[in-house]
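The file start_32.csv comes next; it holds CSV, C-alpha atoms and all ligand atoms.
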chain,number,residue,atom,x,y,z
F,1,MET,CA,-22.1,-13.2,-26.4
F,2,THR,CA,-18.6,-12.1,-25.4
F,3,MET,CA,-16.3,-14.0,-23.0
F,4,HIS,CA,-17.0,-11.2,-20.5
F,5,THR,CA,-20.7,-11.7,-20.4
F,6,ILE,CA,-20.7,-15.5,-20.2
F,7,ARG,CA,-18.1,-15.7,-17.4
F,8,ASP,CA,-19.8,-15.8,-14.0
F,9,LYS,CA,-16.9,-14.4,-12.0
F,10,LYS,CA,-15.1,-11.1,-12.3
F,11,THR,CA,-11.4,-11.5,-12.8
F,12,SER,CA,-9.2,-9.1,-10.9
F,13,VAL,CA,-5.4,-8.7,-11.4
F,14,VAL,CA,-3.6,-7.6,-8.3
F,15,ALA,CA,-0.1,-6.5,-9.2
F,16,GLY,CA,1.9,-6.5,-6.0
F,17,GLY,CA,-0.6,-9.1,-4.7
F,18,ALA,CA,2.0,-10.8,-2.4
F,19,GLY,CA,2.8,-7.5,-0.7
F,20,PHE,CA,1.4,-6.1,2.5
F,21,VAL,CA,-1.6,-4.3,1.1
F,22,GLY,CA,-1.9,-6.4,-2.0
F,23,SER,CA,-2.3,-9.7,-0.1
F,24,HIS,CA,-5.2,-8.2,1.9
F,25,LEU,CA,-6.8,-7.0,-1.3
F,26,CYS,CA,-6.5,-10.5,-2.8
F,27,ASP,CA,-8.2,-12.0,0.3
F,28,ALA,CA,-11.0,-9.4,0.1
F,29,LEU,CA,-11.6,-9.9,-3.7
F,30,LEU,CA,-11.7,-13.7,-3.3
F,31,ALA,CA,-14.2,-13.3,-0.5
F,32,LYS,CA,-16.4,-11.2,-2.8
F,33,GLY,CA,-16.4,-14.1,-5.3
F,34,HIS,CA,-13.8,-12.8,-7.8
F,35,ARG,CA,-11.2,-14.7,-9.6
F,36,VAL,CA,-7.8,-13.2,-8.6
F,37,ILE,CA,-4.6,-13.2,-10.6
F,38,CYS,CA,-1.7,-12.1,-8.4
F,39,VAL,CA,1.3,-10.7,-10.1
F,40,ASP,CA,4.4,-10.2,-7.9
F,41,SER,CA,8.2,-10.3,-8.3
F,42,TYR,CA,8.8,-11.0,-4.6
F,43,LEU,CA,11.1,-8.0,-4.5
F,44,THR,CA,9.4,-6.8,-1.3
F,45,GLY,CA,6.3,-9.0,-1.5
F,46,ARG,CA,6.4,-12.3,0.4
F,47,ALA,CA,5.2,-15.8,-0.4
F,48,GLU,CA,3.9,-16.4,3.1
F,49,ASN,CA,1.4,-13.5,2.6
F,50,ILE,CA,-0.5,-15.6,0.0
F,51,ILE,CA,0.4,-19.1,1.0
F,52,ALA,CA,-3.1,-19.7,2.4
F,53,LEU,CA,-4.4,-18.8,-1.1
F,54,GLU,CA,-2.1,-21.1,-3.1
F,55,ASN,CA,-4.7,-23.9,-3.4
F,56,HIS,CA,-7.7,-21.6,-3.7
F,57,PRO,CA,-9.6,-22.7,-6.9
F,58,HIS,CA,-10.0,-19.0,-8.0
F,59,PHE,CA,-6.5,-17.8,-7.3
F,60,ARG,CA,-3.6,-17.8,-9.7
F,61,MET,CA,-0.1,-16.6,-9.1
F,62,ILE,CA,2.1,-15.1,-11.8
F,63,GLU,CA,5.7,-14.4,-10.7
F,64,ALA,CA,6.7,-11.5,-12.8
F,65,ASP,CA,8.1,-7.9,-12.6
F,66,ILE,CA,5.6,-5.4,-14.0
F,67,CYS,CA,8.5,-3.8,-15.8
F,68,ASN,CA,8.5,-6.8,-18.1
F,69,ILE,CA,5.0,-8.1,-18.2
F,70,GLN,CA,3.3,-7.7,-21.6
F,71,MET,CA,0.0,-9.7,-21.4
F,72,ILE,CA,-2.3,-11.8,-19.3
F,73,ASP,CA,-3.5,-14.9,-21.2
F,74,GLU,CA,-7.1,-14.9,-19.9
F,75,PRO,CA,-9.9,-12.4,-19.8
F,76,VAL,CA,-9.5,-9.7,-17.1
F,77,ASP,CA,-12.1,-7.2,-15.8
F,78,GLN,CA,-10.1,-5.2,-13.2
F,79,VAL,CA,-6.4,-4.3,-12.7
F,80,PHE,CA,-5.2,-3.0,-9.4
F,81,ASN,CA,-1.6,-1.7,-9.5
F,82,LEU,CA,0.0,-2.0,-6.1
F,83,ALA,CA,3.3,-3.2,-7.4
F,84,CYS,CA,6.1,-1.0,-6.0
F,85,ALA,CA,8.4,-1.0,-3.0
F,86,ALA,CA,6.7,1.6,-0.7
F,87,SER,CA,9.0,1.9,2.3
F,88,PRO,CA,11.6,4.7,1.9
F,89,PRO,CA,14.7,2.4,2.6
F,90,HIS,CA,13.3,-0.2,0.2
F,91,TYR,CA,12.4,2.2,-2.6
F,92,GLN,CA,15.7,4.0,-2.2
F,93,ALA,CA,17.7,0.8,-2.3
F,94,ASP,CA,17.4,0.6,-6.1
F,95,PRO,CA,16.0,4.0,-7.1
F,96,ILE,CA,16.2,3.5,-10.8
F,97,HIS,CA,14.2,0.3,-10.6
F,98,THR,CA,11.7,2.2,-8.4
F,99,MET,CA,11.2,4.8,-11.0
F,100,MET,CA,10.9,2.3,-13.8
F,101,THR,CA,8.4,0.2,-11.8
F,102,CYS,CA,6.3,3.4,-11.4
F,103,VAL,CA,6.5,4.4,-15.0
F,104,GLN,CA,7.3,1.4,-17.3
F,105,GLY,CA,5.5,-1.0,-14.9
F,106,THR,CA,2.3,1.2,-14.8
F,107,ALA,CA,2.4,1.7,-18.6
F,108,ASN,CA,2.6,-2.1,-19.1
F,109,LEU,CA,-0.3,-2.7,-16.8
F,110,LEU,CA,-2.3,0.1,-18.5
F,111,SER,CA,-1.7,-1.6,-21.8
F,112,ILE,CA,-2.9,-4.9,-20.4
F,113,ALA,CA,-6.0,-3.2,-19.1
F,114,ALA,CA,-6.6,-1.6,-22.5
F,115,GLN,CA,-6.3,-5.0,-24.2
F,116,HIS,CA,-9.0,-6.4,-21.9
F,117,HIS,CA,-11.2,-3.3,-21.6
F,118,ALA,CA,-10.6,-3.7,-17.9
F,119,SER,CA,-11.0,-1.0,-15.2
F,120,PHE,CA,-7.8,0.1,-13.5
F,121,VAL,CA,-7.0,1.3,-10.0
F,122,GLN,CA,-3.6,2.9,-9.5
F,123,ALA,CA,-2.1,2.9,-6.0
F,124,SER,CA,-0.7,6.4,-5.8
F,125,THR,CA,0.5,7.9,-2.6
F,126,SER,CA,0.5,10.9,-0.2
F,127,GLU,CA,4.2,11.1,-1.2
F,128,ILE,CA,3.1,13.0,-4.3
F,129,TYR,CA,2.4,16.0,-2.0
F,130,GLY,CA,6.1,15.9,-0.9
F,131,ASP,CA,6.7,17.9,2.3
F,132,PRO,CA,3.4,19.6,2.2
F,133,GLU,CA,2.9,23.3,2.8
F,134,GLU,CA,-0.9,23.0,3.0
F,135,HIS,CA,-2.6,21.1,5.7
F,136,PRO,CA,-4.5,18.8,5.6
F,137,GLN,CA,-3.8,17.7,2.1
F,138,ARG,CA,-6.7,18.0,-0.4
F,139,GLU,CA,-6.5,16.4,-3.7
F,140,ASP,CA,-6.3,19.7,-5.5
F,141,TYR,CA,-3.1,20.6,-3.6
F,142,ARG,CA,-0.2,20.3,-6.1
F,143,GLY,CA,2.4,19.4,-3.6
F,144,ASN,CA,6.0,20.3,-2.6
F,145,VAL,CA,8.3,17.6,-4.0
F,146,ASN,CA,12.1,17.8,-4.3
F,147,CYS,CA,12.3,16.4,-7.8
F,148,THR,CA,16.1,15.6,-7.5
F,149,GLY,CA,16.2,14.3,-3.9
F,150,PRO,CA,16.5,10.8,-2.6
F,151,ARG,CA,12.7,10.3,-2.4
F,152,ALA,CA,12.2,11.6,-6.0
F,153,CYS,CA,12.4,8.1,-7.5
F,154,TYR,CA,9.2,7.2,-5.7
F,155,ASP,CA,7.4,10.7,-5.5
F,156,GLU,CA,8.1,11.7,-9.1
F,157,GLY,CA,7.6,8.1,-10.3
F,158,LYS,CA,4.2,8.0,-8.8
F,159,ARG,CA,3.4,11.5,-10.1
F,160,ALA,CA,4.3,10.4,-13.6
F,161,ALA,CA,2.2,7.3,-13.2
F,162,GLU,CA,-0.8,9.5,-12.2
F,163,ALA,CA,-0.2,11.5,-15.4
F,164,LEU,CA,-0.2,8.3,-17.5
F,165,CYS,CA,-3.4,7.1,-15.8
F,166,PHE,CA,-5.2,10.4,-16.5
F,167,ASP,CA,-4.0,10.6,-20.1
F,168,MET,CA,-5.3,7.1,-20.7
F,169,PHE,CA,-8.6,8.1,-19.1
F,170,ARG,CA,-8.9,11.3,-21.1
F,171,SER,CA,-8.1,9.6,-24.4
F,172,GLY,CA,-10.8,7.0,-23.7
F,173,LYS,CA,-8.3,4.1,-23.7
F,174,VAL,CA,-8.7,2.9,-20.0
F,175,ASP,CA,-11.2,3.4,-17.3
F,176,THR,CA,-8.5,4.5,-14.8
F,177,ARG,CA,-9.0,5.5,-11.1
F,178,VAL,CA,-6.3,6.9,-8.8
F,179,ALA,CA,-6.1,6.3,-5.1
F,180,ARG,CA,-3.6,8.5,-3.1
F,181,ILE,CA,-2.8,6.2,-0.2
F,182,PHE,CA,-1.7,7.7,3.1
F,183,ASN,CA,0.4,5.7,5.7
F,184,THR,CA,-1.1,2.3,6.1
F,185,TYR,CA,-0.3,-0.4,8.7
F,186,GLY,CA,-1.4,-3.8,9.9
F,187,PRO,CA,-0.6,-7.5,9.8
F,188,ARG,CA,1.8,-8.7,7.1
F,189,MET,CA,4.0,-5.7,7.0
F,190,ARG,CA,7.6,-6.9,6.7
F,191,PRO,CA,9.3,-6.8,10.1
F,192,ASP,CA,12.3,-5.3,8.2
F,193,ASP,CA,10.0,-3.0,6.2
F,194,GLY,CA,11.8,0.0,7.8
F,195,ARG,CA,8.7,2.2,8.2
F,196,ILE,CA,7.6,3.6,11.5
F,197,ILE,CA,4.9,1.2,12.7
F,198,SER,CA,6.7,-2.0,11.9
F,199,ASN,CA,10.0,-0.6,13.3
F,200,LEU,CA,8.5,0.5,16.6
F,201,LEU,CA,6.4,-2.6,17.1
F,202,VAL,CA,9.3,-5.0,16.4
F,203,GLN,CA,11.7,-2.9,18.6
F,204,ALA,CA,9.2,-2.8,21.4
F,205,LEU,CA,8.4,-6.5,21.3
F,206,LYS,CA,12.1,-7.3,21.2
F,207,GLY,CA,12.9,-4.9,24.1
F,208,GLU,CA,15.2,-2.9,21.8
F,209,PRO,CA,15.4,0.9,21.8
F,210,LEU,CA,12.7,2.6,19.7
F,211,THR,CA,14.3,4.7,16.9
F,212,ILE,CA,12.8,8.1,16.5
F,213,TYR,CA,14.1,10.1,13.6
F,214,GLY,CA,14.4,13.9,14.2
F,215,SER,CA,12.5,15.5,17.1
F,216,GLY,CA,9.6,13.1,16.8
F,217,ASN,CA,7.2,16.1,16.5
F,218,GLN,CA,6.6,15.3,12.8
F,219,THR,CA,3.1,13.9,12.2
F,220,ARG,CA,1.5,11.1,10.2
F,221,SER,CA,-2.0,9.8,10.0
F,222,PHE,CA,-2.3,6.0,10.1
F,223,CYS,CA,-4.9,3.9,8.3
F,224,TYR,CA,-5.5,0.2,9.2
F,225,VAL,CA,-5.1,-2.0,6.1
F,226,LYS,CA,-8.6,-3.4,6.2
F,227,ASP,CA,-10.1,0.1,5.9
F,228,LEU,CA,-7.8,0.9,3.0
F,229,VAL,CA,-8.7,-2.3,1.1
F,230,THR,CA,-12.4,-1.4,1.4
F,231,GLY,CA,-11.7,2.0,0.0
F,232,LEU,CA,-9.7,0.6,-3.0
F,233,ILE,CA,-12.5,-1.8,-3.9
F,234,SER,CA,-15.1,1.0,-3.6
F,235,LEU,CA,-13.0,3.2,-5.9
F,236,MET,CA,-12.8,0.4,-8.5
F,237,GLU,CA,-16.5,-0.1,-8.4
F,238,VAL,CA,-17.9,3.4,-8.1
F,239,GLN,CA,-19.9,4.7,-11.1
F,240,PRO,CA,-19.4,7.0,-12.8
F,241,ASN,CA,-15.6,7.1,-12.8
F,242,PRO,CA,-14.7,10.1,-10.6
F,243,GLY,CA,-12.0,11.1,-13.1
F,244,LEU,CA,-10.1,12.7,-10.2
F,245,PRO,CA,-7.6,11.3,-7.7
F,246,VAL,CA,-9.1,10.3,-4.4
F,247,ASN,CA,-7.2,10.4,-1.0
F,248,LEU,CA,-7.6,7.2,1.0
F,249,GLY,CA,-6.3,7.5,4.6
F,250,ASN,CA,-7.3,8.0,8.2
F,251,PRO,CA,-7.4,11.7,9.1
F,252,SER,CA,-6.5,11.1,12.8
F,253,GLU,CA,-3.1,12.7,13.0
F,254,PHE,CA,-0.4,11.8,15.5
F,255,THR,CA,3.2,12.9,16.2
F,256,ILE,CA,5.8,10.2,16.0
F,257,ASN,CA,6.4,10.7,19.8
F,258,GLU,CA,2.7,10.1,20.5
F,259,LEU,CA,2.8,6.9,18.4
F,260,ALA,CA,5.9,5.7,20.3
F,261,ASP,CA,4.1,6.2,23.6
F,262,LEU,CA,1.1,4.3,22.4
F,263,VAL,CA,3.3,1.4,21.1
F,264,LEU,CA,5.1,1.2,24.5
F,265,GLU,CA,1.7,1.2,26.3
F,266,LEU,CA,0.1,-1.5,24.1
F,267,THR,CA,3.1,-3.8,24.1
F,268,ARG,CA,3.9,-3.1,27.8
F,269,SER,CA,7.5,-2.6,26.7
F,270,ARG,CA,10.1,-0.8,28.7
F,271,SER,CA,12.2,0.0,25.7
F,272,GLU,CA,13.8,3.4,25.7
F,273,LEU,CA,13.6,6.0,22.9
F,274,VAL,CA,16.7,6.8,20.9
F,275,TYR,CA,16.7,9.9,18.6
F,276,LYS,CA,18.5,9.7,15.3
F,277,PRO,CA,18.9,12.2,12.4
F,278,LEU,CA,15.9,13.0,10.3
F,279,PRO,CA,16.2,11.6,6.8
F,280,MET,CA,16.5,14.2,4.0
F,281,ASP,CA,13.2,15.5,2.7
F,282,ASP,CA,11.2,13.8,5.4
F,283,PRO,CA,7.7,15.4,5.4
F,284,GLN,CA,6.9,17.3,8.6
F,285,ARG,CA,3.1,17.0,8.6
F,286,ARG,CA,0.8,14.7,6.8
F,287,ARG,CA,-2.9,14.3,7.1
F,288,PRO,CA,-5.5,13.5,4.4
F,289,ASP,CA,-8.6,15.5,3.7
F,290,ILE,CA,-11.0,12.7,2.9
F,291,VAL,CA,-14.1,14.7,1.9
F,292,ARG,CA,-13.9,13.4,-1.7
F,293,ALA,CA,-13.8,9.8,-0.6
F,294,GLN,CA,-16.6,10.4,1.8
F,295,THR,CA,-18.7,12.1,-0.8
F,296,LEU,CA,-18.0,9.9,-3.9
F,297,LEU,CA,-17.3,6.5,-2.3
F,298,GLU,CA,-19.3,6.9,0.9
F,299,TRP,CA,-16.0,5.6,2.5
F,300,GLU,CA,-14.2,6.5,5.7
F,301,PRO,CA,-12.0,4.6,8.0
F,302,THR,CA,-13.6,2.8,10.9
F,303,ILE,CA,-10.7,1.4,12.9
F,304,PRO,CA,-9.0,3.7,15.4
F,305,LEU,CA,-5.2,3.6,15.7
F,306,GLU,CA,-5.3,2.0,19.2
F,307,ASP,CA,-7.4,-0.9,17.9
F,308,GLY,CA,-5.5,-1.4,14.8
F,309,LEU,CA,-2.1,-1.1,16.6
F,310,ARG,CA,-3.3,-3.8,19.0
F,311,MET,CA,-4.1,-6.2,16.1
F,312,ALA,CA,-0.8,-5.4,14.4
F,313,ALA,CA,1.1,-5.9,17.6
F,314,ASP,CA,-0.5,-9.3,18.1
F,315,TRP,CA,0.4,-10.3,14.6
F,316,PHE,CA,4.0,-9.1,14.9
F,317,ALA,CA,4.4,-10.9,18.2
F,318,LEU,CA,3.3,-14.2,16.6
F,319,ALA,CA,5.5,-13.5,13.5
F,320,LEU,CA,8.5,-12.9,15.6
F,321,ARG,CA,7.9,-15.9,17.8
F,322,ASN,CA,7.7,-18.1,14.7
F,323,ASP,CA,10.6,-16.2,13.1
F,324,LEU,CA,8.7,-16.5,9.9
F,325,PRO,CA,11.2,-17.1,7.1
F,326,THR,CA,10.8,-15.6,3.7
F,327,ARG,CA,10.9,-17.0,0.2
F,328,SER,CA,13.8,-15.8,-1.8
F,329,ARG,CA,13.4,-13.8,-5.0
F,330,ASN,CA,14.0,-16.8,-7.2
F,331,GLY,CA,10.9,-18.4,-5.7
F,332,SER,CA,12.6,-21.3,-3.8
F,333,SER,CA,10.3,-22.0,-0.9
F,334,GLN,CA,11.6,-21.8,2.7
F,335,VAL,CA,8.2,-21.2,4.2
F,336,GLY,CA,7.7,-22.8,7.6
F,337,SER,CA,4.7,-24.7,8.8
F,338,THR,CA,3.0,-21.8,10.5
F,339,VAL,CA,0.4,-19.9,8.5
F,340,LEU,CA,-0.8,-16.7,9.9
F,341,GLN,CA,-4.3,-15.7,8.6
F,342,PHE,CA,-6.0,-12.4,9.2
F,401,LIG,N1,10.5,7.2,11.5
F,401,LIG,C1,11.1,7.2,12.7
F,401,LIG,N2,11.7,6.0,13.1
F,401,LIG,C2,11.7,4.9,12.4
F,401,LIG,C3,11.1,4.9,11.1
F,401,LIG,C4,10.5,6.1,10.6
F,401,LIG,O1,11.0,8.1,13.5
F,401,LIG,O2,12.2,3.9,12.8
F,401,LIG,C5,9.8,8.5,11.0
F,401,LIG,C6,10.2,9.0,9.7
F,401,LIG,O3,11.4,9.8,9.7
F,401,LIG,C7,9.0,9.7,9.3
F,401,LIG,C8,7.8,9.0,10.0
F,401,LIG,O4,8.5,8.2,11.0
F,401,LIG,O5,9.0,11.0,9.8
F,401,LIG,C9,7.1,8.0,9.0
F,401,LIG,O6,8.1,7.3,8.3
F,401,LIG,P1,7.7,6.1,7.4
F,401,LIG,O7,9.0,5.6,6.9
F,401,LIG,O8,6.9,5.1,8.2
F,401,LIG,O9,6.8,6.6,6.3
F,401,LIG,P2,6.8,7.9,5.4
F,401,LIG,O10,5.5,8.5,5.7
F,401,LIG,O11,8.0,8.8,5.7
F,401,LIG,O12,6.9,7.4,4.0
Is it possible to express this structure as structure tokens?
Amino acid sequence: MTMHTIRDKKTSVVAGGAGFVGSHLCDALLAKGHRVICVDSYLTGRAENIIALENHPHFRMIEADICNIQMIDEPVDQVFNLACAASPPHYQADPIHTMMTCVQGTANLLSIAAQHHASFVQASTSEIYGDPEEHPQREDYRGNVNCTGPRACYDEGKRAAEALCFDMFRSGKVDTRVARIFNTYGPRMRPDDGRIISNLLVQALKGEPLTIYGSGNQTRSFCYVKDLVTGLISLMEVQPNPGLPVNLGNPSEFTINELADLVLELTRSRSELVYKPLPMDDPQRRRPDIVRAQTLLEWEPTIPLEDGLRMAADWFALALRNDLPTRSRNGSSQVGSTVLQF
């Protein structure tokens, strides 16, 4: 009998497990009875996201950058790769590291999955469609990416990572699955994340002007983090392997101006709107076609934007009140006494 069959728990590696989505995934996998090994460099992940798990008997933290990780010293059944800065200002802050995280980091994790005969879910992104010329975006749309622009480190890095995953799949080396994640929001986003929902909620709660880039007529489709996590787990578990990328996102589409109005209403804020220049290559419209996820995974989002935004607003209000400090990259703990659990 192999180690795999005598172990009573599945072991899941969550790379990026201290991040916004990754920490919710760690919670969900532990709740399913898995052992969870979280790998995070704390570049954008935060120790307070997983502090409630630190003493969990089936949780293990490995502080490492996936660009350097070579092995996991215990049996592994599943690898989820969510390790990468995902907010435009964060992934553009060190674009070469972003590209290497996508390519070298994913290659390292695929090699670990191959060593353990583990299944693999790659967190890809709607960014691989670039500024799309087809709407909504189906998985067979090949995208419109500026391969030399400021977003390329992430868009092209994630495209290369998808190519790696499908080559590993076709060559029979790793049971890889690829999720194309559309805009996701919820508790545990960094207040300084820089993306639209965290920016608007933090600004509204602080009574500061809401920053709208461009006309505000560009659209996004926002998925609450719990819905996304359910989709990621379903994609890992579905049999047989779809062998195709799967969009995961909420197809309800909003303009940025509509989102700002909703934020003002929910937070009862009187903040004004200030219009700033649109960043280069900012996609004008984005909305997932989720027929593949509905068909193959029997998955679709359940939480409407208004409900999710309310939960996110409550969390940000608490986080701002407690002025939650962060743990620095070298791991020295400055975590306060308040633990927020969702
Ligand atoms: N955006 C904005 N104000 C902000 C942050 C973002 O108007 O404070 C816009 C941004 O230009 C884009 C949309 O909101 O059109 C979503 O941006 P985000 O960075 O959240 O994610 P993206 O989908 O661009 O990766």
Subject >> Contact residues around segment 96-99 of chain F with all atoms listed in the file at 10 Å, ignoring same-chain residues under 4 positions, as a ChimeraX atom specification >> reply: /F:67,84-86,90-92,103-105,152-158,160-161
**OP:** Please check which protein, DNA or RNA residues sit within 6 Å of ligand LIG 401 (chain F), counting all atoms listed in the file, and write them as a list in words.
**Re:**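 These are the residues that qualify: Ser87, Pro88, Asn183, Gly194, Arg195, Ile196, Asn199, Thr211, Ile212, Tyr213, Gln218, Leu278, Pro279 and Asp282 of chain F.
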How would the residues just picked look written out with C-alpha atoms as a CSV table (one decimal), in the frame of the given file?
chain,number,residue,atom,x,y,z
F,87,SER,CA,9.0,1.9,2.3
F,88,PRO,CA,11.6,4.7,1.9
F,183,ASN,CA,0.4,5.7,5.7
F,194,GLY,CA,11.8,0.0,7.8
F,195,ARG,CA,8.7,2.2,8.2
F,196,ILE,CA,7.6,3.6,11.5
F,199,ASN,CA,10.0,-0.6,13.3
F,211,THR,CA,14.3,4.7,16.9
F,212,ILE,CA,12.8,8.1,16.5
F,213,TYR,CA,14.1,10.1,13.6
F,218,GLN,CA,6.6,15.3,12.8
F,278,LEU,CA,15.9,13.0,10.3
F,279,PRO,CA,16.2,11.6,6.8
F,282,ASP,CA,11.2,13.8,5.4
Near segment 233-240 of chain F, 12 Å: segment 250-328 of chain F residue rows, closest pairs, all atoms listed in the file, as CSV:
residue,atom,partner,partner_atom,distance
F:Arg292,CA,F:Leu235,CA,11.1
F:Ala293,CA,F:Leu235,CA,8.5
F:Gln294,CA,F:Ser234,CA,10.9
F:Thr295,CA,F:Val238,CA,11.4
F:Leu296,CA,F:Val238,CA,7.7
F:Leu297,CA,F:Ser234,CA,6.1
F:Glu298,CA,F:Ser234,CA,8.5
F:Trp299,CA,F:Ser234,CA,7.7
F:Glu300,CA,F:Ser234,CA,10.8
Counting only C-alpha atoms, which residues of segment 121-239 of chain F fall within 9 Å of segment 24-38 of chain F, and what is the closest atom pair for each with its distance in Å at one decimal, ordered by chain and rising number, as a Markdown table?
| residue | atom | partner | partner_atom | distance |
| --- | --- | --- | --- | --- |
| F:Arg188 | CA | F:His24 | CA | 8.7 |
| F:Val225 | CA | F:His24 | CA | 7.5 |
| F:Lys226 | CA | F:His24 | CA | 7.3 |
| F:Val229 | CA | F:Leu25 | CA | 5.6 |
| F:Thr230 | CA | F:Ala28 | CA | 8.2 |
| F:Leu232 | CA | F:Leu25 | CA | 8.3 |
| F:Ile233 | CA | F:Leu25 | CA | 8.1 |
Using the file's own x, y and z axes, so that the box edges lie along x, y and z, what centre and edge lengths in Å (one decimal) does a box around every listed atom of segment 98-102 of chain F get when 5 Å is added on each side? Give it as AutoDock Vina command-line options.
--center_x 9.0 --center_y 2.5 --center_z -11.1 --size_x 15.4 --size_y 14.6 --size_z 15.4
Original post:
Which of these, F:Glu306, F:Asp65, F:Glu162, F:Asp227, has the shortest distance to Val21 of chain F once you count all atoms listed in the file?
Top reply: F:Asp227
Original post:
Which distance in Å separates atom CA of Asn49 of chain F and atom CA of Gly17 of chain F, to one decimal?
Top reply: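 Computing the Euclidean distance for atom CA of Asn49 of chain F and atom CA of Gly17 of chain F yields 8.8 Å.
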**OP:** Return the single residue from F:Val79, F:Leu248, F:Ile62, F:Ala18 that is closest to Ser124 of chain F, with distances computed using all atoms listed in the file.
**Re:**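 Smallest distance to Ser124 of chain F is found for F:Leu248.
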Original post:
Which of these, F:Val202, F:Ile290, F:Ala260, F:Leu164, has the shortest distance to Gln122 of chain F once you count only C-alpha atoms?
Top reply: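 Of F:Val202, F:Ile290, F:Ala260, F:Leu164, the one nearest Gln122 of chain F, counting only C-alpha atoms, is F:Leu164.
When all atoms listed in the file are used to measure the gap to Gly143 of chain F, the shortest distance among F:Pro283, F:Asn68, F:Phe120, F:Lys9 belongs to F:Pro283.
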Subject >> Proximity to Ser215 of chain F - best of F:Leu262, F:Val39, F:Leu273, F:Leu228, all atoms listed in the file >> reply: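 Nearest to Ser215 of chain F: F:Leu273.
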**OP:** Just give me the gap between atom CA of Ser252 of chain F and atom CA of Ser221 of chain F in Å, one decimal is fine.
**Re:** 5.5 Å
Original post:
atom CA of Gly243 of chain F and atom CA of Asp175 of chain F are how many Å apart?
Top reply: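 Answer for the atom CA of Gly243 of chain F to atom CA of Asp175 of chain F separation: 8.8 Å.
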Original post:
Of the residues F:Asn217, F:Thr125, F:Thr11, F:Gln115, which is the one nearest to Arg180 of chain F, using all atoms listed in the file?
Top reply: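 The closest residue to Arg180 of chain F is F:Thr125.
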Original post:
Quick one: residues within 8 Å of Ile50 of chain F, only C-alpha atoms counted, chain neighbours fewer than 3 positions away excluded, as a list in words?
Top reply: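 The contact residues come out as Ala18, Ser23, Arg46, Ala47, Leu53 and Glu54 of chain F.
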Subject >> Contact residues around segment 80-83 of chain F with all atoms listed in the file at 6 Å, ignoring same-chain residues under 2 positions, as a list in words >> reply: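 Using all atoms listed in the file, the neighbours found are Val14, Ala15, Gly16, Phe120, Val121, Gln122 and Ala123 of chain F.
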At a cut-off of 8 Å from (4.6, 20.8, 3.4) in the coordinates of the file, what residues are picked up using only C-alpha atoms, written as a JSON list (two decimals) with C-alpha atoms, in the coordinates of the input?
[["chain", "number", "residue", "atom", "x", "y", "z"],
["F", 129, "TYR", "CA", 2.40, 16.00, -2.00],
["F", 130, "GLY", "CA", 6.10, 15.90, -0.90],
["F", 131, "ASP", "CA", 6.70, 17.90, 2.30],
["F", 132, "PRO", "CA", 3.40, 19.60, 2.20],
["F", 133, "GLU", "CA", 2.90, 23.30, 2.80],
["F", 134, "GLU", "CA", -0.90, 23.00, 3.00],
["F", 135, "HIS", "CA", -2.60, 21.10, 5.70],
["F", 143, "GLY", "CA", 2.40, 19.40, -3.60],
["F", 144, "ASN", "CA", 6.00, 20.30, -2.60],
["F", 283, "PRO", "CA", 7.70, 15.40, 5.40],
["F", 284, "GLN", "CA", 6.90, 17.30, 8.60],
["F", 285, "ARG", "CA", 3.10, 17.00, 8.60],
["F", 286, "ARG", "CA", 0.80, 14.70, 6.80]]
